[in-house]
file protein_9.pdb (PDB, C-alpha atoms)
ATOM      1  CA  ASP A   1       0.000   0.000   0.000  1.00  0.00           C
ATOM      2  CA  SER A   2       1.594   3.246  -1.225  1.00  0.00           C
ATOM      3  CA  GLY A   3      -0.562   5.481   0.974  1.00  0.00           C
ATOM      4  CA  VAL A   4      -2.106   7.205  -2.050  1.00  0.00           C
ATOM      5  CA  THR A   5      -5.841   6.628  -2.373  1.00  0.00           C
ATOM      6  CA  GLN A   6      -8.006   7.051  -5.435  1.00  0.00           C
ATOM      7  CA  THR A   7     -11.756   6.871  -5.913  1.00  0.00           C
ATOM      8  CA  PRO A   8     -13.675   5.465  -7.600  1.00  0.00           C
ATOM      9  CA  LYS A   9     -11.844   2.288  -8.610  1.00  0.00           C
ATOM     10  CA  HIS A  10     -14.037   1.775 -11.664  1.00  0.00           C
ATOM     11  CA  LEU A  11     -16.184   4.172 -13.649  1.00  0.00           C
ATOM     12  CA  ILE A  12     -18.425   3.430 -16.606  1.00  0.00           C
ATOM     13  CA  THR A  13     -20.044   6.306 -18.441  1.00  0.00           C
ATOM     14  CA  ALA A  14     -21.271   7.399 -21.838  1.00  0.00           C
ATOM     15  CA  THR A  15     -19.761   9.641 -24.481  1.00  0.00           C
ATOM     16  CA  GLY A  16     -20.369  13.321 -23.890  1.00  0.00           C
ATOM     17  CA  GLN A  17     -20.580  12.938 -20.123  1.00  0.00           C
ATOM     18  CA  ARG A  18     -18.410  14.462 -17.411  1.00  0.00           C
ATOM     19  CA  VAL A  19     -16.708  12.637 -14.552  1.00  0.00           C
ATOM     20  CA  THR A  20     -14.565  13.552 -11.565  1.00  0.00           C
ATOM     21  CA  LEU A  21     -11.736  11.410 -10.268  1.00  0.00           C
ATOM     22  CA  ARG A  22     -10.453  11.930  -6.771  1.00  0.00           C
ATOM     23  CA  CYS A  23      -7.021  11.443  -5.231  1.00  0.00           C
ATOM     24  CA  SER A  24      -5.688  11.748  -1.702  1.00  0.00           C
ATOM     25  CA  PRO A  25      -1.891  11.928  -1.477  1.00  0.00           C
ATOM     26  CA  ARG A  26       0.301  10.267   1.117  1.00  0.00           C
ATOM     27  CA  SER A  27       0.337  12.017   4.449  1.00  0.00           C
ATOM     28  CA  GLY A  28       2.846  14.871   4.290  1.00  0.00           C
ATOM     29  CA  ASP A  29       3.133  14.940   0.496  1.00  0.00           C
ATOM     30  CA  LEU A  30       2.496  18.348  -1.042  1.00  0.00           C
ATOM     31  CA  SER A  31       2.731  17.406  -4.704  1.00  0.00           C
ATOM     32  CA  VAL A  32       0.163  15.481  -6.710  1.00  0.00           C
ATOM     33  CA  TYR A  33       0.529  14.203 -10.246  1.00  0.00           C
ATOM     34  CA  TRP A  34      -1.996  12.750 -12.675  1.00  0.00           C
ATOM     35  CA  TYR A  35      -1.124  10.170 -15.329  1.00  0.00           C
ATOM     36  CA  GLN A  36      -3.133   8.434 -18.018  1.00  0.00           C
ATOM     37  CA  GLN A  37      -2.340   4.876 -19.047  1.00  0.00           C
ATOM     38  CA  SER A  38      -3.796   3.454 -22.215  1.00  0.00           C
ATOM     39  CA  LEU A  39      -2.793   0.363 -24.141  1.00  0.00           C
ATOM     40  CA  ASP A  40      -1.339   2.233 -27.079  1.00  0.00           C
ATOM     41  CA  GLN A  41       0.190   5.228 -25.276  1.00  0.00           C
ATOM     42  CA  GLY A  42       1.642   3.771 -22.110  1.00  0.00           C
ATOM     43  CA  LEU A  43       1.905   5.999 -19.042  1.00  0.00           C
ATOM     44  CA  GLN A  44       1.520   9.654 -19.970  1.00  0.00           C
ATOM     45  CA  PHE A  45       1.986  12.571 -17.604  1.00  0.00           C
ATOM     46  CA  LEU A  46      -1.018  14.898 -17.505  1.00  0.00           C
ATOM     47  CA  ILE A  47      -0.498  17.534 -14.835  1.00  0.00           C
ATOM     48  CA  GLN A  48       1.211  18.293 -11.523  1.00  0.00           C
ATOM     49  CA  TYR A  49       0.031  20.358  -8.576  1.00  0.00           C
ATOM     50  CA  TYR A  50       2.152  21.510  -5.689  1.00  0.00           C
ATOM     51  CA  ASN A  51       0.526  22.842  -2.520  1.00  0.00           C
ATOM     52  CA  GLY A  52      -2.569  23.946  -4.395  1.00  0.00           C
ATOM     53  CA  GLU A  53      -0.909  25.470  -7.431  1.00  0.00           C
ATOM     54  CA  GLU A  54      -0.369  24.057 -10.888  1.00  0.00           C
ATOM     55  CA  ARG A  55       3.331  23.275 -11.313  1.00  0.00           C
ATOM     56  CA  ALA A  56       3.676  21.469 -14.632  1.00  0.00           C
ATOM     57  CA  LYS A  57       1.494  20.436 -17.529  1.00  0.00           C
ATOM     58  CA  GLY A  58       1.933  17.521 -19.850  1.00  0.00           C
ATOM     59  CA  ASN A  59      -0.264  16.012 -22.518  1.00  0.00           C
ATOM     60  CA  ILE A  60      -3.522  17.103 -20.960  1.00  0.00           C
ATOM     61  CA  LEU A  61      -6.478  17.805 -23.226  1.00  0.00           C
ATOM     62  CA  GLU A  62      -8.420  21.043 -22.914  1.00  0.00           C
ATOM     63  CA  ARG A  63     -11.481  18.966 -21.991  1.00  0.00           C
ATOM     64  CA  PHE A  64      -9.610  17.837 -18.894  1.00  0.00           C
ATOM     65  CA  SER A  65      -8.896  19.966 -15.837  1.00  0.00           C
ATOM     66  CA  ALA A  66      -7.583  19.400 -12.359  1.00  0.00           C
ATOM     67  CA  GLN A  67      -7.270  21.159  -9.057  1.00  0.00           C
ATOM     68  CA  GLN A  68      -5.692  20.611  -5.671  1.00  0.00           C
ATOM     69  CA  PHE A  69      -7.626  21.663  -2.604  1.00  0.00           C
ATOM     70  CA  PRO A  70      -6.361  23.167   0.704  1.00  0.00           C
ATOM     71  CA  ASP A  71      -6.428  19.722   2.334  1.00  0.00           C
ATOM     72  CA  LEU A  72      -4.128  18.635  -0.554  1.00  0.00           C
ATOM     73  CA  HIS A  73      -6.486  16.173  -2.132  1.00  0.00           C
ATOM     74  CA  SER A  74      -6.848  16.551  -5.879  1.00  0.00           C
ATOM     75  CA  GLU A  75      -9.578  16.059  -8.435  1.00  0.00           C
ATOM     76  CA  LEU A  76      -9.267  15.406 -12.143  1.00  0.00           C
ATOM     77  CA  ASN A  77     -12.288  16.483 -14.166  1.00  0.00           C
ATOM     78  CA  LEU A  78     -12.877  14.909 -17.553  1.00  0.00           C
ATOM     79  CA  SER A  79     -15.624  16.403 -19.705  1.00  0.00           C
ATOM     80  CA  SER A  80     -17.199  15.801 -23.126  1.00  0.00           C
ATOM     81  CA  LEU A  81     -15.897  12.278 -22.843  1.00  0.00           C
ATOM     82  CA  GLU A  82     -14.949  10.345 -25.952  1.00  0.00           C
ATOM     83  CA  LEU A  83     -14.399   6.638 -26.485  1.00  0.00           C
ATOM     84  CA  GLY A  84     -10.664   7.252 -26.660  1.00  0.00           C
ATOM     85  CA  ASP A  85     -10.640   8.606 -23.119  1.00  0.00           C
ATOM     86  CA  SER A  86     -11.141   5.076 -21.812  1.00  0.00           C
ATOM     87  CA  ALA A  87      -7.993   4.338 -19.824  1.00  0.00           C
ATOM     88  CA  LEU A  88      -6.507   3.888 -16.404  1.00  0.00           C
ATOM     89  CA  TYR A  89      -5.958   7.174 -14.592  1.00  0.00           C
ATOM     90  CA  PHE A  90      -3.322   7.217 -11.899  1.00  0.00           C
ATOM     91  CA  CYS A  91      -2.536   9.742  -9.243  1.00  0.00           C
ATOM     92  CA  ALA A  92       0.906   9.903  -7.668  1.00  0.00           C
ATOM     93  CA  SER A  93       2.324  12.010  -4.873  1.00  0.00           C
ATOM     94  CA  SER A  94       5.675  13.127  -3.564  1.00  0.00           C
ATOM     95  CA  VAL A  95       6.903  15.281  -0.717  1.00  0.00           C
ATOM     96  CA  GLU A  96       7.760  18.407  -2.654  1.00  0.00           C
ATOM     97  CA  GLY A  97       7.884  18.052  -6.367  1.00  0.00           C
ATOM     98  CA  ILE A  98      10.973  16.516  -7.801  1.00  0.00           C
ATOM     99  CA  GLU A  99      11.518  13.377  -5.853  1.00  0.00           C
ATOM    100  CA  THR A 100      10.318   9.825  -6.011  1.00  0.00           C
ATOM    101  CA  GLN A 101       6.628   9.518  -6.804  1.00  0.00           C
ATOM    102  CA  TYR A 102       4.324   6.973  -5.213  1.00  0.00           C
ATOM    103  CA  PHE A 103       1.328   5.840  -7.206  1.00  0.00           C
ATOM    104  CA  GLY A 104      -2.235   5.143  -6.192  1.00  0.00           C
ATOM    105  CA  PRO A 105      -4.206   2.082  -7.337  1.00  0.00           C
ATOM    106  CA  GLY A 106      -5.814   3.965 -10.233  1.00  0.00           C
ATOM    107  CA  THR A 107      -9.298   4.585 -11.595  1.00  0.00           C
ATOM    108  CA  ARG A 108     -10.356   2.521 -14.583  1.00  0.00           C
ATOM    109  CA  LEU A 109     -12.566   4.632 -16.835  1.00  0.00           C
ATOM    110  CA  LEU A 110     -14.668   3.043 -19.526  1.00  0.00           C
ATOM    111  CA  VAL A 111     -16.514   5.331 -21.941  1.00  0.00           C
ATOM    112  CA  LEU A 112     -19.245   3.594 -23.924  1.00  0.00           C
TER     113      LEU A 112
ATOM    114  CA  GLY B   1      10.423  15.836 -26.062  1.00  0.00           C
ATOM    115  CA  GLN B   2      12.231  13.296 -23.961  1.00  0.00           C
ATOM    116  CA  GLN B   3      11.989   9.716 -25.167  1.00  0.00           C
ATOM    117  CA  LEU B   4      12.746   6.527 -23.282  1.00  0.00           C
ATOM    118  CA  ASN B   5      13.437   3.257 -25.048  1.00  0.00           C
ATOM    119  CA  GLN B   6      13.006   0.229 -22.842  1.00  0.00           C
ATOM    120  CA  SER B   7      14.069  -3.250 -23.841  1.00  0.00           C
ATOM    121  CA  PRO B   8      13.254  -5.994 -24.156  1.00  0.00           C
ATOM    122  CA  GLN B   9       9.503  -5.559 -24.666  1.00  0.00           C
ATOM    123  CA  SER B  10       8.834  -8.983 -23.162  1.00  0.00           C
ATOM    124  CA  MET B  11      10.701 -11.867 -21.585  1.00  0.00           C
ATOM    125  CA  PHE B  12       9.752 -15.481 -20.978  1.00  0.00           C
ATOM    126  CA  ILE B  13      12.053 -17.157 -18.491  1.00  0.00           C
ATOM    127  CA  GLN B  14      12.259 -20.173 -16.228  1.00  0.00           C
ATOM    128  CA  GLU B  15      12.060 -19.822 -12.484  1.00  0.00           C
ATOM    129  CA  GLY B  16      15.532 -19.386 -11.038  1.00  0.00           C
ATOM    130  CA  GLU B  17      16.959 -17.563 -14.049  1.00  0.00           C
ATOM    131  CA  ASP B  18      18.397 -14.064 -13.900  1.00  0.00           C
ATOM    132  CA  VAL B  19      16.767 -11.203 -15.808  1.00  0.00           C
ATOM    133  CA  SER B  20      18.199  -8.011 -17.278  1.00  0.00           C
ATOM    134  CA  MET B  21      16.377  -5.084 -18.801  1.00  0.00           C
ATOM    135  CA  ASN B  22      17.450  -1.579 -19.696  1.00  0.00           C
ATOM    136  CA  CYS B  23      16.334   1.870 -20.684  1.00  0.00           C
ATOM    137  CA  THR B  24      18.035   4.451 -22.827  1.00  0.00           C
ATOM    138  CA  SER B  25      17.129   8.076 -23.186  1.00  0.00           C
ATOM    139  CA  SER B  26      17.600  10.666 -25.888  1.00  0.00           C
ATOM    140  CA  SER B  27      18.487  13.197 -23.202  1.00  0.00           C
ATOM    141  CA  ILE B  28      20.021  13.376 -19.758  1.00  0.00           C
ATOM    142  CA  PHE B  29      18.022  12.476 -16.678  1.00  0.00           C
ATOM    143  CA  ASN B  30      18.735  13.461 -13.079  1.00  0.00           C
ATOM    144  CA  THR B  31      16.770  10.619 -11.544  1.00  0.00           C
ATOM    145  CA  TRP B  32      16.011   7.092 -12.695  1.00  0.00           C
ATOM    146  CA  LEU B  33      13.213   5.056 -11.153  1.00  0.00           C
ATOM    147  CA  TRP B  34      12.139   1.476 -11.676  1.00  0.00           C
ATOM    148  CA  TYR B  35       8.530   0.442 -11.068  1.00  0.00           C
ATOM    149  CA  LYS B  36       6.638  -2.846 -11.236  1.00  0.00           C
ATOM    150  CA  GLN B  37       2.989  -2.939 -12.205  1.00  0.00           C
ATOM    151  CA  ASP B  38       0.598  -5.845 -11.737  1.00  0.00           C
ATOM    152  CA  PRO B  39      -2.511  -5.989 -13.956  1.00  0.00           C
ATOM    153  CA  GLY B  40      -5.110  -3.411 -12.910  1.00  0.00           C
ATOM    154  CA  GLU B  41      -2.905  -2.008 -10.167  1.00  0.00           C
ATOM    155  CA  GLY B  42      -0.771   1.091  -9.812  1.00  0.00           C
ATOM    156  CA  PRO B  43       2.991   1.055 -10.413  1.00  0.00           C
ATOM    157  CA  VAL B  44       4.955   0.135  -7.299  1.00  0.00           C
ATOM    158  CA  LEU B  45       8.355   1.698  -6.780  1.00  0.00           C
ATOM    159  CA  LEU B  46      11.212  -0.824  -6.753  1.00  0.00           C
ATOM    160  CA  ILE B  47      14.392   1.230  -6.844  1.00  0.00           C
ATOM    161  CA  ALA B  48      15.270   4.926  -7.090  1.00  0.00           C
ATOM    162  CA  LEU B  49      18.629   6.174  -8.437  1.00  0.00           C
ATOM    163  CA  TYR B  50      19.832   9.728  -7.975  1.00  0.00           C
ATOM    164  CA  LYS B  51      23.499   9.849  -9.050  1.00  0.00           C
ATOM    165  CA  ALA B  52      25.333   8.884 -12.213  1.00  0.00           C
ATOM    166  CA  GLY B  53      27.144   5.596 -11.671  1.00  0.00           C
ATOM    167  CA  GLU B  54      25.020   4.702  -8.647  1.00  0.00           C
ATOM    168  CA  LEU B  55      24.377   0.998  -8.103  1.00  0.00           C
ATOM    169  CA  THR B  56      21.512   0.164  -5.746  1.00  0.00           C
ATOM    170  CA  SER B  57      20.044  -3.133  -4.590  1.00  0.00           C
ATOM    171  CA  ASN B  58      16.673  -4.070  -3.163  1.00  0.00           C
ATOM    172  CA  GLY B  59      16.701  -7.763  -2.286  1.00  0.00           C
ATOM    173  CA  ARG B  60      17.130  -9.709  -5.523  1.00  0.00           C
ATOM    174  CA  LEU B  61      16.860  -6.522  -7.581  1.00  0.00           C
ATOM    175  CA  THR B  62      19.829  -4.408  -8.597  1.00  0.00           C
ATOM    176  CA  ALA B  63      19.672  -1.245 -10.669  1.00  0.00           C
ATOM    177  CA  GLN B  64      22.314   1.100 -12.011  1.00  0.00           C
ATOM    178  CA  PHE B  65      22.274   4.742 -13.100  1.00  0.00           C
ATOM    179  CA  GLY B  66      24.399   4.929 -16.224  1.00  0.00           C
ATOM    180  CA  ILE B  67      27.491   7.116 -16.214  1.00  0.00           C
ATOM    181  CA  THR B  68      26.282   9.072 -19.243  1.00  0.00           C
ATOM    182  CA  ARG B  69      22.992   9.760 -17.362  1.00  0.00           C
ATOM    183  CA  LYS B  70      21.179   8.568 -20.448  1.00  0.00           C
ATOM    184  CA  ASP B  71      20.609   4.968 -19.446  1.00  0.00           C
ATOM    185  CA  SER B  72      19.726   2.646 -16.596  1.00  0.00           C
ATOM    186  CA  PHE B  73      19.680  -1.097 -16.033  1.00  0.00           C
ATOM    187  CA  LEU B  74      17.613  -3.390 -13.832  1.00  0.00           C
ATOM    188  CA  ASN B  75      18.676  -6.925 -12.966  1.00  0.00           C
ATOM    189  CA  ILE B  76      16.577  -9.509 -11.161  1.00  0.00           C
ATOM    190  CA  SER B  77      18.434 -12.516  -9.827  1.00  0.00           C
ATOM    191  CA  ALA B  78      17.000 -15.990  -9.211  1.00  0.00           C
ATOM    192  CA  SER B  79      13.534 -15.120 -10.520  1.00  0.00           C
ATOM    193  CA  ILE B  80      10.436 -16.493  -8.819  1.00  0.00           C
ATOM    194  CA  PRO B  81       6.826 -16.731 -10.070  1.00  0.00           C
ATOM    195  CA  SER B  82       5.736 -13.599  -8.195  1.00  0.00           C
ATOM    196  CA  ASP B  83       8.197 -11.544 -10.252  1.00  0.00           C
ATOM    197  CA  VAL B  84       5.650 -11.744 -13.079  1.00  0.00           C
ATOM    198  CA  GLY B  85       4.407  -8.309 -14.127  1.00  0.00           C
ATOM    199  CA  ILE B  86       5.295  -5.262 -16.161  1.00  0.00           C
ATOM    200  CA  TYR B  87       8.476  -3.407 -15.284  1.00  0.00           C
ATOM    201  CA  PHE B  88       8.770   0.263 -16.153  1.00  0.00           C
ATOM    202  CA  CYS B  89      11.723   2.563 -16.088  1.00  0.00           C
ATOM    203  CA  ALA B  90      11.034   6.239 -15.536  1.00  0.00           C
ATOM    204  CA  GLY B  91      13.262   9.253 -15.701  1.00  0.00           C
ATOM    205  CA  HIS B  92      13.116  12.747 -14.398  1.00  0.00           C
ATOM    206  CA  GLY B  93      14.969  15.641 -15.979  1.00  0.00           C
ATOM    207  CA  GLY B  94      15.888  18.716 -13.992  1.00  0.00           C
ATOM    208  CA  THR B  95      13.937  21.248 -16.009  1.00  0.00           C
ATOM    209  CA  SER B  96      10.667  19.339 -16.162  1.00  0.00           C
ATOM    210  CA  TYR B  97       9.699  19.755 -12.512  1.00  0.00           C
ATOM    211  CA  GLY B  98       7.998  16.577 -11.379  1.00  0.00           C
ATOM    212  CA  LYS B  99       7.155  15.136 -14.754  1.00  0.00           C
ATOM    213  CA  LEU B 100       8.258  11.531 -15.114  1.00  0.00           C
ATOM    214  CA  THR B 101       8.863  10.111 -18.549  1.00  0.00           C
ATOM    215  CA  PHE B 102       8.122   6.384 -18.690  1.00  0.00           C
ATOM    216  CA  GLY B 103       9.535   3.632 -20.850  1.00  0.00           C
ATOM    217  CA  GLN B 104       7.152   1.357 -22.724  1.00  0.00           C
ATOM    218  CA  GLY B 105       7.535  -1.417 -20.172  1.00  0.00           C
ATOM    219  CA  THR B 106       8.969  -4.934 -20.129  1.00  0.00           C
ATOM    220  CA  ILE B 107       6.448  -7.744 -19.671  1.00  0.00           C
ATOM    221  CA  LEU B 108       8.037 -10.501 -17.598  1.00  0.00           C
ATOM    222  CA  THR B 109       6.654 -14.030 -17.551  1.00  0.00           C
ATOM    223  CA  VAL B 110       8.226 -16.603 -15.244  1.00  0.00           C
ATOM    224  CA  HIS B 111       7.517 -20.294 -15.830  1.00  0.00           C
ATOM    225  CA  PRO B 112       7.656 -22.451 -12.688  1.00  0.00           C
TER     226      PRO B 112
END
call {"tool": "encode", "arguments": {"input": "protein_9.pdb", "output": "structure tokens"}}
result
Amino acid sequence: DSGVTQTPKHLITATGQRVTLRCSPRSGDLSVYWYQQSLDQGLQFLIQYYNGEERAKGNILERFSAQQFPDLHSELNLSSLELGDSALYFCASSVEGIETQYFGPGTRLLVL
Amino acid sequence: GQQLNQSPQSMFIQEGEDVSMNCTSSSIFNTWLWYKQDPGEGPVLLIALYKAGELTSNGRLTAQFGITRKDSFLNISASIPSDVGIYFCAGHGGTSYGKLTFGQGTILTVHP
């Protein structure tokens, strides 16, 4: 158990819908990262937050957004969902922002 | 952008055999990490490397940070059935904040 929690574990929805994925980092970690894992793209970095502020952006679509709240948990919002958004979404955390990242168990999203 | 080439893509070995896999990068990394992922689960950190030339062990696992800072190696000695899974290398470059770039993964199958 890495100490990073993610909910829900599974999510099934339809195209055009909007979903919110939630992540709680390890106790004491200030930085949260979101990754997408699909069969053809591997693990892709989406976005990083540090102590409530966006720190770095990767291959995140404009339909996707994230935020980190004062209690340091983070949410990833995916809107206008398309079939190709079906993937595993992982959250990771680290103490500050450049060290070893610990991953949560992931949310499996299926868009039908 | 930064690219990581991980090889081999897959390995089929007998229990008790040693395993070697490696990653090479098109650019320099400051940190190399090795993760193992079981199906449907999040990546679990195995070994973290922070200095060029560093050799670090974790039980039967040994990893090295290449001197050029563009490659890393992971060795597993005396493999056992529970070593089955996907092994990922990941690198972090100094100017990319927390973003990790992942290799494509090595799928390891161990026959009893």
call {"tool": "resolve_selection", "arguments": {"input": "protein_9.pdb", "expression": "the ChimeraX specification (/B :<9) & /A", "output": "PDB file with C-alpha atoms, keeping the file's coordinate frame"}}
result
ATOM      1  CA  ASP A   1       0.000   0.000   0.000  1.00  0.00           C
ATOM      2  CA  SER A   2       1.594   3.246  -1.225  1.00  0.00           C
ATOM      3  CA  SER A  31       2.731  17.406  -4.704  1.00  0.00           C
ATOM      4  CA  TYR A  33       0.529  14.203 -10.246  1.00  0.00           C
ATOM      5  CA  GLN A  41       0.190   5.228 -25.276  1.00  0.00           C
ATOM      6  CA  GLY A  42       1.642   3.771 -22.110  1.00  0.00           C
ATOM      7  CA  LEU A  43       1.905   5.999 -19.042  1.00  0.00           C
ATOM      8  CA  GLN A  44       1.520   9.654 -19.970  1.00  0.00           C
ATOM      9  CA  PHE A  45       1.986  12.571 -17.604  1.00  0.00           C
ATOM     10  CA  LEU A  46      -1.018  14.898 -17.505  1.00  0.00           C
ATOM     11  CA  ILE A  47      -0.498  17.534 -14.835  1.00  0.00           C
ATOM     12  CA  GLN A  48       1.211  18.293 -11.523  1.00  0.00           C
ATOM     13  CA  ARG A  55       3.331  23.275 -11.313  1.00  0.00           C
ATOM     14  CA  ALA A  56       3.676  21.469 -14.632  1.00  0.00           C
ATOM     15  CA  LYS A  57       1.494  20.436 -17.529  1.00  0.00           C
ATOM     16  CA  GLY A  58       1.933  17.521 -19.850  1.00  0.00           C
ATOM     17  CA  LEU A  88      -6.507   3.888 -16.404  1.00  0.00           C
ATOM     18  CA  PHE A  90      -3.322   7.217 -11.899  1.00  0.00           C
ATOM     19  CA  CYS A  91      -2.536   9.742  -9.243  1.00  0.00           C
ATOM     20  CA  SER A  94       5.675  13.127  -3.564  1.00  0.00           C
ATOM     21  CA  GLU A  96       7.760  18.407  -2.654  1.00  0.00           C
ATOM     22  CA  GLY A  97       7.884  18.052  -6.367  1.00  0.00           C
ATOM     23  CA  ILE A  98      10.973  16.516  -7.801  1.00  0.00           C
ATOM     24  CA  GLU A  99      11.518  13.377  -5.853  1.00  0.00           C
ATOM     25  CA  THR A 100      10.318   9.825  -6.011  1.00  0.00           C
ATOM     26  CA  GLN A 101       6.628   9.518  -6.804  1.00  0.00           C
ATOM     27  CA  TYR A 102       4.324   6.973  -5.213  1.00  0.00           C
ATOM     28  CA  PHE A 103       1.328   5.840  -7.206  1.00  0.00           C
ATOM     29  CA  GLY A 104      -2.235   5.143  -6.192  1.00  0.00           C
ATOM     30  CA  PRO A 105      -4.206   2.082  -7.337  1.00  0.00           C
ATOM     31  CA  GLY A 106      -5.814   3.965 -10.233  1.00  0.00           C
ATOM     32  CA  ARG A 108     -10.356   2.521 -14.583  1.00  0.00           C
TER      33      ARG A 108
END
call {"tool": "residues_near_point", "arguments": {"input": "protein_9.pdb", "point": "(17.3, -12.5, -7.1)", "cutoff": "10 Å", "atoms": "only C-alpha atoms", "output": "PyMOL selection string"}}
result
chain B and resi 16-19+58-62+75-80+83
call {"tool": "residues_around", "arguments": {"input": "protein_9.pdb", "residues": "A:Leu21", "least_positions_apart": "4", "cutoff": "7 Å", "atoms": "only C-alpha atoms", "output": "PDB file with C-alpha atoms, keeping the file's coordinate frame"}}
result
ATOM      1  CA  THR A   7     -11.756   6.871  -5.913  1.00  0.00           C
ATOM      2  CA  PRO A   8     -13.675   5.465  -7.600  1.00  0.00           C
ATOM      3  CA  GLU A  75      -9.578  16.059  -8.435  1.00  0.00           C
ATOM      4  CA  LEU A  76      -9.267  15.406 -12.143  1.00  0.00           C
ATOM      5  CA  ASN A  77     -12.288  16.483 -14.166  1.00  0.00           C
TER       6      ASN A  77
END
call {"tool": "resolve_selection", "arguments": {"input": "protein_9.pdb", "expression": "the PyMOL selection byres ((chain A and resi 51) around 7)", "output": "PyMOL selection string"}}
result
chain A and resi 30-31+49-50+52-53+72
call {"tool": "residues_near_point", "arguments": {"input": "protein_9.pdb", "point": "(-8.8, 18.9, -29.6)", "cutoff": "12 Å", "atoms": "all atoms listed in the file", "output": "PDB file with C-alpha atoms, keeping the file's coordinate frame"}}
result
ATOM      1  CA  ASN A  59      -0.264  16.012 -22.518  1.00  0.00           C
ATOM      2  CA  ILE A  60      -3.522  17.103 -20.960  1.00  0.00           C
ATOM      3  CA  LEU A  61      -6.478  17.805 -23.226  1.00  0.00           C
ATOM      4  CA  GLU A  62      -8.420  21.043 -22.914  1.00  0.00           C
ATOM      5  CA  ARG A  63     -11.481  18.966 -21.991  1.00  0.00           C
ATOM      6  CA  PHE A  64      -9.610  17.837 -18.894  1.00  0.00           C
ATOM      7  CA  SER A  80     -17.199  15.801 -23.126  1.00  0.00           C
ATOM      8  CA  LEU A  81     -15.897  12.278 -22.843  1.00  0.00           C
ATOM      9  CA  GLU A  82     -14.949  10.345 -25.952  1.00  0.00           C
TER      10      GLU A  82
END
call {"tool": "resolve_selection", "arguments": {"input": "protein_9.pdb", "expression": "the PyMOL selection byres ((chain A and resi 83-85) around 9)", "output": "list in words"}}
result
Ala14, Thr15, Ser38, Leu78, Leu81, Glu82, Ser86, Ala87, Leu109, Leu110, Val111 and Leu112 of chain A
call {"tool": "atom_distance", "arguments": {"input": "protein_9.pdb", "atom1": "atom CA of A:Arg18", "atom2": "atom CA of A:Asp40"}}
result
23.1 Å
call {"tool": "closest_residue", "arguments": {"input": "protein_9.pdb", "among": "B:Ile67, B:Val110, B:Ser82, B:Leu74", "to": "B:Gln6", "atoms": "only C-alpha atoms"}}
result
B:Leu74
call {"tool": "atom_distance", "arguments": {"input": "protein_9.pdb", "atom1": "atom CA of B:Asp38", "atom2": "atom CA of B:Gly53"}}
result
28.9 Å
call {"tool": "residues_around", "arguments": {"input": "protein_9.pdb", "residues": "A:Arg26", "least_positions_apart": "4", "cutoff": "7 Å", "atoms": "all atoms listed in the file", "output": "VMD selection string"}}
result
chain A and resid 3 to 4 93
call {"tool": "atom_distance", "arguments": {"input": "protein_9.pdb", "atom1": "atom CA of A:Ser24", "atom2": "atom CA of A:His73"}}
result
4.5 Å
call {"tool": "closest_residue", "arguments": {"input": "protein_9.pdb", "among": "A:Ser79, A:Pro25, A:Tyr89, A:Gln37", "to": "A:Thr13", "atoms": "all atoms listed in the file"}}
result
A:Ser79
call {"tool": "decode", "arguments": {"input": "protein_9.pdb", "residues": "stretch 38-49 of chain B", "atoms": "N, CA and C atoms", "output": "mmCIF file, in the first residue's frame"}}
result
data_model
loop_
_atom_site.group_PDB
_atom_site.id
_atom_site.type_symbol
_atom_site.label_atom_id
_atom_site.label_comp_id
_atom_site.auth_asym_id
_atom_site.auth_seq_id
_atom_site.Cartn_x
_atom_site.Cartn_y
_atom_site.Cartn_z
ATOM 1 N N ASP B 38 1.418 -4.656 -11.535
ATOM 2 C CA ASP B 38 0.598 -5.845 -11.737
ATOM 3 C C ASP B 38 -0.672 -5.433 -12.463
ATOM 4 N N PRO B 39 -1.314 -6.343 -13.182
ATOM 5 C CA PRO B 39 -2.511 -5.989 -13.956
ATOM 6 C C PRO B 39 -3.575 -5.294 -13.116
ATOM 7 N N GLY B 40 -4.044 -4.135 -13.590
ATOM 8 C CA GLY B 40 -5.110 -3.411 -12.910
ATOM 9 C C GLY B 40 -4.689 -2.672 -11.656
ATOM 10 N N GLU B 41 -3.392 -2.684 -11.370
ATOM 11 C CA GLU B 41 -2.905 -2.008 -10.167
ATOM 12 C C GLU B 41 -2.009 -0.829 -10.550
ATOM 13 N N GLY B 42 -1.680 -0.011 -9.552
ATOM 14 C CA GLY B 42 -0.771 1.091 -9.812
ATOM 15 C C GLY B 42 0.671 0.642 -9.784
ATOM 16 N N PRO B 43 1.564 1.386 -10.453
ATOM 17 C CA PRO B 43 2.991 1.055 -10.413
ATOM 18 C C PRO B 43 3.519 1.146 -8.983
ATOM 19 N N VAL B 44 4.342 0.175 -8.632
ATOM 20 C CA VAL B 44 4.955 0.135 -7.299
ATOM 21 C C VAL B 44 6.436 0.395 -7.450
ATOM 22 N N LEU B 45 6.951 1.335 -6.680
ATOM 23 C CA LEU B 45 8.355 1.698 -6.780
ATOM 24 C C LEU B 45 9.237 0.551 -6.297
ATOM 25 N N LEU B 46 10.242 0.212 -7.107
ATOM 26 C CA LEU B 46 11.212 -0.824 -6.753
ATOM 27 C C LEU B 46 12.524 -0.213 -6.285
ATOM 28 N N ILE B 47 13.073 0.647 -7.128
ATOM 29 C CA ILE B 47 14.392 1.230 -6.844
ATOM 30 C C ILE B 47 14.425 2.644 -7.394
ATOM 31 N N ALA B 48 15.065 3.547 -6.648
ATOM 32 C CA ALA B 48 15.270 4.926 -7.090
ATOM 33 C C ALA B 48 16.777 5.196 -7.154
ATOM 34 N N LEU B 49 17.208 5.866 -8.208
ATOM 35 C CA LEU B 49 18.629 6.174 -8.437
ATOM 36 C C LEU B 49 18.764 7.666 -8.643
#
